[in-house]
$ cat query_21.cif   # mmCIF, N, CA and C atoms
data_coords
#
loop_
_atom_site.label_atom_id
_atom_site.label_comp_id
_atom_site.auth_asym_id
_atom_site.auth_seq_id
_atom_site.Cartn_x
_atom_site.Cartn_y
_atom_site.Cartn_z
N TYR A 39 -126.39 64.07 93.64
CA TYR A 39 -126.50 65.39 93.08
C TYR A 39 -125.28 65.69 92.24
N GLU A 40 -125.33 66.75 91.45
CA GLU A 40 -124.25 67.07 90.53
C GLU A 40 -123.53 68.34 90.94
N VAL A 41 -122.20 68.31 90.85
CA VAL A 41 -121.36 69.49 91.03
C VAL A 41 -120.36 69.51 89.87
N ILE A 42 -119.65 70.63 89.71
CA ILE A 42 -118.63 70.71 88.68
C ILE A 42 -117.29 71.06 89.31
N ALA A 43 -116.23 70.78 88.56
CA ALA A 43 -114.88 71.18 88.93
C ALA A 43 -114.16 71.54 87.64
N LYS A 44 -113.28 72.54 87.69
CA LYS A 44 -112.55 72.98 86.50
C LYS A 44 -111.06 72.71 86.69
N PHE A 45 -110.44 72.16 85.64
CA PHE A 45 -109.03 71.76 85.69
C PHE A 45 -108.26 72.32 84.51
N ASP A 46 -106.94 72.55 84.71
CA ASP A 46 -106.05 72.91 83.62
C ASP A 46 -105.85 71.72 82.68
N ARG A 47 -105.67 70.54 83.27
CA ARG A 47 -105.44 69.31 82.50
C ARG A 47 -106.19 68.16 83.17
N ILE A 48 -106.72 67.26 82.35
CA ILE A 48 -107.43 66.10 82.89
C ILE A 48 -106.96 64.81 82.21
N ASP A 49 -105.69 64.75 81.85
CA ASP A 49 -105.15 63.60 81.12
C ASP A 49 -105.58 62.28 81.74
N GLY A 50 -106.22 61.42 80.94
CA GLY A 50 -106.62 60.09 81.38
C GLY A 50 -107.97 60.00 82.06
N LEU A 51 -108.55 61.12 82.45
CA LEU A 51 -109.87 61.10 83.09
C LEU A 51 -110.92 61.08 81.98
N ARG A 52 -111.96 60.28 82.15
CA ARG A 52 -112.99 60.20 81.11
C ARG A 52 -114.37 60.02 81.72
N GLN A 53 -115.37 60.19 80.90
CA GLN A 53 -116.75 59.99 81.33
C GLN A 53 -116.89 58.57 81.88
N GLY A 54 -117.53 58.43 83.04
CA GLY A 54 -117.71 57.13 83.67
C GLY A 54 -116.64 56.78 84.68
N SER A 55 -115.55 57.59 84.75
CA SER A 55 -114.50 57.34 85.73
C SER A 55 -115.05 57.48 87.14
N ASP A 56 -114.42 56.77 88.09
CA ASP A 56 -114.84 56.82 89.49
C ASP A 56 -114.53 58.17 90.13
N VAL A 57 -115.36 58.53 91.10
CA VAL A 57 -115.09 59.65 92.01
C VAL A 57 -115.01 59.02 93.40
N ARG A 58 -113.89 59.24 94.10
CA ARG A 58 -113.67 58.57 95.38
C ARG A 58 -113.38 59.57 96.49
N LEU A 59 -113.83 59.19 97.66
CA LEU A 59 -113.59 59.95 98.89
C LEU A 59 -113.03 58.96 99.89
N SER A 60 -111.81 59.19 100.36
CA SER A 60 -111.12 58.26 101.27
C SER A 60 -111.01 56.86 100.66
N GLY A 61 -110.88 56.79 99.35
CA GLY A 61 -110.74 55.51 98.67
C GLY A 61 -112.04 54.80 98.37
N VAL A 62 -113.16 55.37 98.80
CA VAL A 62 -114.48 54.75 98.60
C VAL A 62 -115.19 55.46 97.44
N LYS A 63 -115.73 54.67 96.51
CA LYS A 63 -116.45 55.26 95.38
C LYS A 63 -117.73 55.94 95.87
N VAL A 64 -117.85 57.24 95.57
CA VAL A 64 -119.03 58.02 95.99
C VAL A 64 -119.73 58.67 94.80
N GLY A 65 -119.23 58.38 93.58
CA GLY A 65 -119.85 58.97 92.41
C GLY A 65 -119.10 58.62 91.14
N THR A 66 -119.55 59.25 90.04
CA THR A 66 -118.92 59.03 88.75
C THR A 66 -118.83 60.35 87.99
N ILE A 67 -117.96 60.35 86.98
CA ILE A 67 -117.84 61.51 86.09
C ILE A 67 -118.98 61.40 85.08
N LYS A 68 -119.86 62.39 85.06
CA LYS A 68 -121.01 62.39 84.17
C LYS A 68 -120.64 62.89 82.78
N ALA A 69 -119.87 63.96 82.71
CA ALA A 69 -119.51 64.56 81.42
C ALA A 69 -118.27 65.43 81.59
N ILE A 70 -117.60 65.66 80.47
CA ILE A 70 -116.42 66.53 80.44
C ILE A 70 -116.53 67.39 79.19
N HIS A 71 -116.30 68.68 79.35
CA HIS A 71 -116.26 69.55 78.17
C HIS A 71 -115.27 70.68 78.39
N LEU A 72 -114.92 71.36 77.33
CA LEU A 72 -113.97 72.47 77.37
C LEU A 72 -114.74 73.78 77.45
N ASP A 73 -114.37 74.64 78.40
CA ASP A 73 -114.96 75.97 78.50
C ASP A 73 -114.29 76.84 77.44
N PRO A 74 -115.03 77.31 76.42
CA PRO A 74 -114.41 78.08 75.34
C PRO A 74 -113.89 79.45 75.77
N GLN A 75 -114.35 79.95 76.91
CA GLN A 75 -113.89 81.25 77.40
C GLN A 75 -112.55 81.15 78.13
N THR A 76 -112.41 80.13 78.99
CA THR A 76 -111.23 80.01 79.84
C THR A 76 -110.26 78.92 79.39
N TYR A 77 -110.70 78.07 78.46
CA TYR A 77 -109.92 76.91 77.99
C TYR A 77 -109.61 75.93 79.11
N LEU A 78 -110.46 75.90 80.14
CA LEU A 78 -110.32 74.91 81.20
C LEU A 78 -111.25 73.74 80.91
N ALA A 79 -110.86 72.56 81.38
CA ALA A 79 -111.71 71.38 81.27
C ALA A 79 -112.73 71.43 82.40
N VAL A 80 -114.00 71.35 82.06
CA VAL A 80 -115.08 71.37 83.04
C VAL A 80 -115.57 69.93 83.23
N VAL A 81 -115.48 69.43 84.46
CA VAL A 81 -115.86 68.06 84.77
C VAL A 81 -117.15 68.08 85.57
N HIS A 82 -118.18 67.40 85.05
CA HIS A 82 -119.46 67.28 85.74
C HIS A 82 -119.44 66.00 86.55
N ILE A 83 -119.68 66.13 87.85
CA ILE A 83 -119.53 65.02 88.79
C ILE A 83 -120.88 64.67 89.39
N ASN A 84 -121.29 63.41 89.28
CA ASN A 84 -122.51 62.92 89.95
C ASN A 84 -122.09 62.29 91.27
N LEU A 85 -122.61 62.81 92.37
CA LEU A 85 -122.28 62.31 93.71
C LEU A 85 -123.48 61.63 94.34
N SER A 86 -123.20 60.66 95.20
CA SER A 86 -124.27 60.03 95.98
C SER A 86 -124.93 61.09 96.85
N PRO A 87 -126.25 61.02 97.05
CA PRO A 87 -126.95 62.06 97.81
C PRO A 87 -126.51 62.16 99.27
N GLU A 88 -125.96 61.09 99.85
CA GLU A 88 -125.54 61.16 101.25
C GLU A 88 -124.21 61.87 101.45
N VAL A 89 -123.49 62.17 100.35
CA VAL A 89 -122.21 62.86 100.44
C VAL A 89 -122.46 64.36 100.40
N GLU A 90 -122.08 65.06 101.47
CA GLU A 90 -122.20 66.52 101.52
C GLU A 90 -120.80 67.09 101.67
N LEU A 91 -120.29 67.66 100.59
CA LEU A 91 -118.92 68.19 100.60
C LEU A 91 -118.87 69.59 101.19
N PRO A 92 -117.96 69.84 102.12
CA PRO A 92 -117.76 71.21 102.61
C PRO A 92 -117.31 72.12 101.46
N LYS A 93 -117.64 73.41 101.55
CA LYS A 93 -117.33 74.37 100.48
C LYS A 93 -115.85 74.47 100.17
N ASP A 94 -114.98 74.19 101.13
CA ASP A 94 -113.53 74.31 100.89
C ASP A 94 -112.89 72.96 100.52
N SER A 95 -113.69 72.02 100.04
CA SER A 95 -113.17 70.72 99.61
C SER A 95 -112.35 70.89 98.32
N ALA A 96 -111.50 69.90 98.06
CA ALA A 96 -110.65 69.92 96.86
C ALA A 96 -110.87 68.66 96.05
N ALA A 97 -110.57 68.75 94.76
CA ALA A 97 -110.63 67.60 93.86
C ALA A 97 -109.30 67.48 93.15
N GLU A 98 -108.78 66.25 93.05
CA GLU A 98 -107.54 66.03 92.32
C GLU A 98 -107.64 64.76 91.50
N ILE A 99 -106.93 64.76 90.38
CA ILE A 99 -106.91 63.59 89.52
C ILE A 99 -105.81 62.67 90.03
N ALA A 100 -106.18 61.42 90.30
CA ALA A 100 -105.24 60.44 90.85
C ALA A 100 -105.18 59.22 89.94
N SER A 101 -104.12 58.45 90.09
CA SER A 101 -103.91 57.27 89.28
C SER A 101 -104.07 56.01 90.13
N GLU A 102 -104.62 54.95 89.54
CA GLU A 102 -104.80 53.70 90.26
C GLU A 102 -103.51 52.89 90.36
N GLY A 103 -102.47 53.31 89.71
CA GLY A 103 -101.20 52.58 89.73
C GLY A 103 -100.46 52.84 88.43
N LEU A 104 -99.38 52.11 88.22
CA LEU A 104 -98.57 52.33 87.03
C LEU A 104 -99.35 52.13 85.73
N LEU A 105 -100.16 51.10 85.67
CA LEU A 105 -100.91 50.81 84.45
C LEU A 105 -102.40 51.05 84.60
N GLY A 106 -102.82 51.49 85.78
CA GLY A 106 -104.24 51.69 86.05
C GLY A 106 -104.78 52.97 85.44
N GLY A 107 -106.08 53.09 85.46
CA GLY A 107 -106.73 54.28 84.94
C GLY A 107 -106.69 55.42 85.94
N LYS A 108 -107.33 56.49 85.57
CA LYS A 108 -107.39 57.68 86.43
C LYS A 108 -108.76 57.75 87.10
N PHE A 109 -108.78 58.39 88.25
CA PHE A 109 -110.05 58.65 88.94
C PHE A 109 -109.95 60.02 89.59
N LEU A 110 -111.07 60.53 90.04
CA LEU A 110 -111.12 61.83 90.71
C LEU A 110 -111.20 61.59 92.21
N ALA A 111 -110.21 62.07 92.94
CA ALA A 111 -110.17 61.94 94.39
C ALA A 111 -110.68 63.23 95.01
N LEU A 112 -111.60 63.12 95.95
CA LEU A 112 -112.13 64.28 96.67
C LEU A 112 -111.48 64.36 98.04
N LEU A 113 -111.07 65.56 98.40
CA LEU A 113 -110.44 65.81 99.70
C LEU A 113 -111.34 66.78 100.45
N PRO A 114 -112.08 66.28 101.46
CA PRO A 114 -113.03 67.15 102.16
C PRO A 114 -112.34 68.24 102.96
N GLY A 115 -112.96 69.41 102.97
CA GLY A 115 -112.45 70.53 103.76
C GLY A 115 -113.06 70.52 105.16
N GLY A 116 -112.90 71.63 105.85
CA GLY A 116 -113.39 71.71 107.21
C GLY A 116 -114.50 72.71 107.43
N GLU A 117 -114.93 73.36 106.38
CA GLU A 117 -115.96 74.38 106.51
C GLU A 117 -117.32 73.75 106.83
N GLU A 118 -118.16 74.48 107.54
CA GLU A 118 -119.47 73.95 107.92
C GLU A 118 -120.46 73.96 106.76
N ASP A 119 -120.40 74.98 105.90
CA ASP A 119 -121.32 75.06 104.76
C ASP A 119 -120.92 74.05 103.69
N SER A 120 -121.93 73.47 103.03
CA SER A 120 -121.69 72.46 101.99
C SER A 120 -121.84 73.05 100.60
N ILE A 121 -121.24 72.38 99.62
CA ILE A 121 -121.40 72.76 98.22
C ILE A 121 -122.80 72.31 97.81
N PRO A 122 -123.64 73.22 97.32
CA PRO A 122 -125.00 72.84 96.94
C PRO A 122 -125.01 72.09 95.60
N ALA A 123 -126.12 71.44 95.32
CA ALA A 123 -126.30 70.80 94.01
C ALA A 123 -126.15 71.87 92.93
N GLY A 124 -125.37 71.56 91.89
CA GLY A 124 -125.10 72.52 90.83
C GLY A 124 -123.96 73.45 91.16
N GLY A 125 -123.35 73.29 92.35
CA GLY A 125 -122.24 74.14 92.76
C GLY A 125 -120.91 73.70 92.16
N GLU A 126 -119.85 74.36 92.60
CA GLU A 126 -118.52 74.10 92.03
C GLU A 126 -117.50 73.82 93.12
N ILE A 127 -116.66 72.82 92.87
CA ILE A 127 -115.48 72.57 93.70
C ILE A 127 -114.40 73.49 93.14
N THR A 128 -114.02 74.50 93.90
CA THR A 128 -113.11 75.52 93.37
C THR A 128 -111.64 75.17 93.53
N HIS A 129 -111.31 74.30 94.47
CA HIS A 129 -109.91 73.91 94.69
C HIS A 129 -109.64 72.64 93.90
N THR A 130 -108.84 72.74 92.83
CA THR A 130 -108.54 71.57 92.00
C THR A 130 -107.05 71.46 91.76
N GLN A 131 -106.61 70.22 91.56
CA GLN A 131 -105.19 69.95 91.28
C GLN A 131 -105.10 69.00 90.10
#

$ encode --input "query_21.cif" --output "structure tokens"
Amino acid sequence: YEVIAKFDRIDGLRQGSDVRLSGVKVGTIKAIHLDPQTYLAVVHINLSPEVELPKDSAAEIASEGLLGGKFLALLPGGEEDSIPAGGEITHTQ
């Protein structure tokens, strides 16, 4: 399913980049665009259907190493309710 996340900066992140949870690939970046109202980068994330993220989960841009590319790391929260398809990860770094 697809969710979105909004960031101030997404340097090095691109369409097709990995989305990982605990170091395991659970999805990919489907698309990236600029919100003309807020000037934030909006990242569309395709997740595996078996991944159910709690509503208070966070997303951060991480690096694979000194010369490696960037990927989106998901940090699951503790809330019982999940982010629905088409929902938003509101905690971003």

$ resolve_selection --input "query_21.cif" --expression "the PyMOL selection byres ((chain A and resi 114) around 8)" --output "PDB file with N, CA and C atoms, in the coordinates of the input"
ATOM      1  N   LEU A  59    -113.830  59.190  97.660  1.00  0.00           N
ATOM      2  CA  LEU A  59    -113.590  59.950  98.890  1.00  0.00           C
ATOM      3  C   LEU A  59    -113.030  58.960  99.890  1.00  0.00           C
ATOM      4  N   SER A  60    -111.810  59.190 100.360  1.00  0.00           N
ATOM      5  CA  SER A  60    -111.120  58.260 101.270  1.00  0.00           C
ATOM      6  C   SER A  60    -111.010  56.860 100.660  1.00  0.00           C
ATOM      7  N   GLU A  90    -122.080  65.060 101.470  1.00  0.00           N
ATOM      8  CA  GLU A  90    -122.200  66.520 101.520  1.00  0.00           C
ATOM      9  C   GLU A  90    -120.800  67.090 101.670  1.00  0.00           C
ATOM     10  N   LEU A  91    -120.290  67.660 100.590  1.00  0.00           N
ATOM     11  CA  LEU A  91    -118.920  68.190 100.600  1.00  0.00           C
ATOM     12  C   LEU A  91    -118.870  69.590 101.190  1.00  0.00           C
ATOM     13  N   PRO A  92    -117.960  69.840 102.120  1.00  0.00           N
ATOM     14  CA  PRO A  92    -117.760  71.210 102.610  1.00  0.00           C
ATOM     15  C   PRO A  92    -117.310  72.120 101.460  1.00  0.00           C
ATOM     16  N   LYS A  93    -117.640  73.410 101.550  1.00  0.00           N
ATOM     17  CA  LYS A  93    -117.330  74.370 100.480  1.00  0.00           C
ATOM     18  C   LYS A  93    -115.850  74.470 100.170  1.00  0.00           C
ATOM     19  N   ASP A  94    -114.980  74.190 101.130  1.00  0.00           N
ATOM     20  CA  ASP A  94    -113.530  74.310 100.890  1.00  0.00           C
ATOM     21  C   ASP A  94    -112.890  72.960 100.520  1.00  0.00           C
ATOM     22  N   SER A  95    -113.690  72.020 100.040  1.00  0.00           N
ATOM     23  CA  SER A  95    -113.170  70.720  99.610  1.00  0.00           C
ATOM     24  C   SER A  95    -112.350  70.890  98.320  1.00  0.00           C
ATOM     25  N   ALA A  96    -111.500  69.900  98.060  1.00  0.00           N
ATOM     26  CA  ALA A  96    -110.650  69.920  96.860  1.00  0.00           C
ATOM     27  C   ALA A  96    -110.870  68.660  96.050  1.00  0.00           C
ATOM     28  N   ALA A  97    -110.570  68.750  94.760  1.00  0.00           N
ATOM     29  CA  ALA A  97    -110.630  67.600  93.860  1.00  0.00           C
ATOM     30  C   ALA A  97    -109.300  67.480  93.150  1.00  0.00           C
ATOM     31  N   ALA A 111    -110.210  62.070  92.940  1.00  0.00           N
ATOM     32  CA  ALA A 111    -110.170  61.940  94.390  1.00  0.00           C
ATOM     33  C   ALA A 111    -110.680  63.230  95.010  1.00  0.00           C
ATOM     34  N   LEU A 112    -111.600  63.120  95.950  1.00  0.00           N
ATOM     35  CA  LEU A 112    -112.130  64.280  96.670  1.00  0.00           C
ATOM     36  C   LEU A 112    -111.480  64.360  98.040  1.00  0.00           C
ATOM     37  N   LEU A 113    -111.070  65.560  98.400  1.00  0.00           N
ATOM     38  CA  LEU A 113    -110.440  65.810  99.700  1.00  0.00           C
ATOM     39  C   LEU A 113    -111.340  66.780 100.450  1.00  0.00           C
ATOM     40  N   GLY A 115    -112.960  69.410 102.970  1.00  0.00           N
ATOM     41  CA  GLY A 115    -112.450  70.530 103.760  1.00  0.00           C
ATOM     42  C   GLY A 115    -113.060  70.520 105.160  1.00  0.00           C
ATOM     43  N   GLY A 116    -112.900  71.630 105.850  1.00  0.00           N
ATOM     44  CA  GLY A 116    -113.390  71.710 107.210  1.00  0.00           C
ATOM     45  C   GLY A 116    -114.500  72.710 107.430  1.00  0.00           C
ATOM     46  N   GLU A 117    -114.930  73.360 106.380  1.00  0.00           N
ATOM     47  CA  GLU A 117    -115.960  74.380 106.510  1.00  0.00           C
ATOM     48  C   GLU A 117    -117.320  73.750 106.830  1.00  0.00           C
TER      49      GLU A 117
END

$ atom_distance --input "query_21.cif" --atom1 "CA of Gly54 (chain A)" --atom2 "CA of Ile121 (chain A)"
21.7 Å

$ resolve_selection --input "query_21.cif" --expression "the PyMOL selection byres ((chain A and resi 123) around 6)" --output "list of chain:residue names"
A:Tyr39, A:Glu40, A:Val41, A:Ile121, A:Pro122, A:Gly124, A:Gly125

$ closest_residue --input "query_21.cif" --among "A:Leu105, A:Ile42, A:Ile99, A:Leu110" --to "His82 (chain A)" --atoms "only N, CA and C atoms"
A:Ile42

$ residues_around --input "query_21.cif" --residues "Leu51 (chain A)" --least-positions-apart "4" --cutoff "9 Å" --atoms "only C-alpha atoms" --output "PyMOL selection string"
chain A and resi 55+67+70+99+107-110

$ residues_near_point --input "query_21.cif" --point "(-118.2, 59.2, 89.2)" --cutoff "6.5 Å" --atoms "only N, CA and C atoms" --output "PyMOL selection string"
chain A and resi 54-57+64-68+83-84

$ atom_distance --input "query_21.cif" --atom1 "atom C of Ala43 (chain A)" --atom2 "atom N of Ile127 (chain A)"
5.9 Å

$ closest_residue --input "query_21.cif" --among "A:Leu85, A:Gly50, A:Ser120, A:Gly61" --to "Gly106 (chain A)" --atoms "only C-alpha atoms"
A:Gly50

$ select_by_dssp --input "query_21.cif" --residues "chain A" --states "strand (DSSP E)" --output "PyMOL selection string"
chain A and resi 40-45+56-59+62-72+79-85+96-101+108-113+126-127+129-130

$ write_last_selection --input "query_21.cif" --atoms "N, CA and C atoms" --output "compact mmCIF listing (two decimals), in the coordinates of the input"
# COMPACT_ATOMS: atom_id res chain seq x y z
N GLU A 40 -125.33 66.75 91.45
CA GLU A 40 -124.25 67.07 90.53
C GLU A 40 -123.53 68.34 90.94
N VAL A 41 -122.20 68.31 90.85
CA VAL A 41 -121.36 69.49 91.03
C VAL A 41 -120.36 69.51 89.87
N ILE A 42 -119.65 70.63 89.71
CA ILE A 42 -118.63 70.71 88.68
C ILE A 42 -117.29 71.06 89.31
N ALA A 43 -116.23 70.78 88.56
CA ALA A 43 -114.88 71.18 88.93
C ALA A 43 -114.16 71.54 87.64
N LYS A 44 -113.28 72.54 87.69
CA LYS A 44 -112.55 72.98 86.50
C LYS A 44 -111.06 72.71 86.69
N PHE A 45 -110.44 72.16 85.64
CA PHE A 45 -109.03 71.76 85.69
C PHE A 45 -108.26 72.32 84.51
N ASP A 56 -114.42 56.77 88.09
CA ASP A 56 -114.84 56.82 89.49
C ASP A 56 -114.53 58.17 90.13
N VAL A 57 -115.36 58.53 91.10
CA VAL A 57 -115.09 59.65 92.01
C VAL A 57 -115.01 59.02 93.40
N ARG A 58 -113.89 59.24 94.10
CA ARG A 58 -113.67 58.57 95.38
C ARG A 58 -113.38 59.57 96.49
N LEU A 59 -113.83 59.19 97.66
CA LEU A 59 -113.59 59.95 98.89
C LEU A 59 -113.03 58.96 99.89
N VAL A 62 -113.16 55.37 98.80
CA VAL A 62 -114.48 54.75 98.60
C VAL A 62 -115.19 55.46 97.44
N LYS A 63 -115.73 54.67 96.51
CA LYS A 63 -116.45 55.26 95.38
C LYS A 63 -117.73 55.94 95.87
N VAL A 64 -117.85 57.24 95.57
CA VAL A 64 -119.03 58.02 95.99
C VAL A 64 -119.73 58.67 94.80
N GLY A 65 -119.23 58.38 93.58
CA GLY A 65 -119.85 58.97 92.41
C GLY A 65 -119.10 58.62 91.14
N THR A 66 -119.55 59.25 90.04
CA THR A 66 -118.92 59.03 88.75
C THR A 66 -118.83 60.35 87.99
N ILE A 67 -117.96 60.35 86.98
CA ILE A 67 -117.84 61.51 86.09
C ILE A 67 -118.98 61.40 85.08
N LYS A 68 -119.86 62.39 85.06
CA LYS A 68 -121.01 62.39 84.17
C LYS A 68 -120.64 62.89 82.78
N ALA A 69 -119.87 63.96 82.71
CA ALA A 69 -119.51 64.56 81.42
C ALA A 69 -118.27 65.43 81.59
N ILE A 70 -117.60 65.66 80.47
CA ILE A 70 -116.42 66.53 80.44
C ILE A 70 -116.53 67.39 79.19
N HIS A 71 -116.30 68.68 79.35
CA HIS A 71 -116.26 69.55 78.17
C HIS A 71 -115.27 70.68 78.39
N LEU A 72 -114.92 71.36 77.33
CA LEU A 72 -113.97 72.47 77.37
C LEU A 72 -114.74 73.78 77.45
N ALA A 79 -110.86 72.56 81.38
CA ALA A 79 -111.71 71.38 81.27
C ALA A 79 -112.73 71.43 82.40
N VAL A 80 -114.00 71.35 82.06
CA VAL A 80 -115.08 71.37 83.04
C VAL A 80 -115.57 69.93 83.23
N VAL A 81 -115.48 69.43 84.46
CA VAL A 81 -115.86 68.06 84.77
C VAL A 81 -117.15 68.08 85.57
N HIS A 82 -118.18 67.40 85.05
CA HIS A 82 -119.46 67.28 85.74
C HIS A 82 -119.44 66.00 86.55
N ILE A 83 -119.68 66.13 87.85
CA ILE A 83 -119.53 65.02 88.79
C ILE A 83 -120.88 64.67 89.39
N ASN A 84 -121.29 63.41 89.28
CA ASN A 84 -122.51 62.92 89.95
C ASN A 84 -122.09 62.29 91.27
N LEU A 85 -122.61 62.81 92.37
CA LEU A 85 -122.28 62.31 93.71
C LEU A 85 -123.48 61.63 94.34
N ALA A 96 -111.50 69.90 98.06
CA ALA A 96 -110.65 69.92 96.86
C ALA A 96 -110.87 68.66 96.05
N ALA A 97 -110.57 68.75 94.76
CA ALA A 97 -110.63 67.60 93.86
C ALA A 97 -109.30 67.48 93.15
N GLU A 98 -108.78 66.25 93.05
CA GLU A 98 -107.54 66.03 92.32
C GLU A 98 -107.64 64.76 91.50
N ILE A 99 -106.93 64.76 90.38
CA ILE A 99 -106.91 63.59 89.52
C ILE A 99 -105.81 62.67 90.03
N ALA A 100 -106.18 61.42 90.30
CA ALA A 100 -105.24 60.44 90.85
C ALA A 100 -105.18 59.22 89.94
N SER A 101 -104.12 58.45 90.09
CA SER A 101 -103.91 57.27 89.28
C SER A 101 -104.07 56.01 90.13
N LYS A 108 -107.33 56.49 85.57
CA LYS A 108 -107.39 57.68 86.43
C LYS A 108 -108.76 57.75 87.10
N PHE A 109 -108.78 58.39 88.25
CA PHE A 109 -110.05 58.65 88.94
C PHE A 109 -109.95 60.02 89.59
N LEU A 110 -111.07 60.53 90.04
CA LEU A 110 -111.12 61.83 90.71
C LEU A 110 -111.20 61.59 92.21
N ALA A 111 -110.21 62.07 92.94
CA ALA A 111 -110.17 61.94 94.39
C ALA A 111 -110.68 63.23 95.01
N LEU A 112 -111.60 63.12 95.95
CA LEU A 112 -112.13 64.28 96.67
C LEU A 112 -111.48 64.36 98.04
N LEU A 113 -111.07 65.56 98.40
CA LEU A 113 -110.44 65.81 99.70
C LEU A 113 -111.34 66.78 100.45
N GLU A 126 -119.85 74.36 92.60
CA GLU A 126 -118.52 74.10 92.03
C GLU A 126 -117.50 73.82 93.12
N ILE A 127 -116.66 72.82 92.87
CA ILE A 127 -115.48 72.57 93.70
C ILE A 127 -114.40 73.49 93.14
N HIS A 129 -111.31 74.30 94.47
CA HIS A 129 -109.91 73.91 94.69
C HIS A 129 -109.64 72.64 93.90
N THR A 130 -108.84 72.74 92.83
CA THR A 130 -108.54 71.57 92.00
C THR A 130 -107.05 71.46 91.76
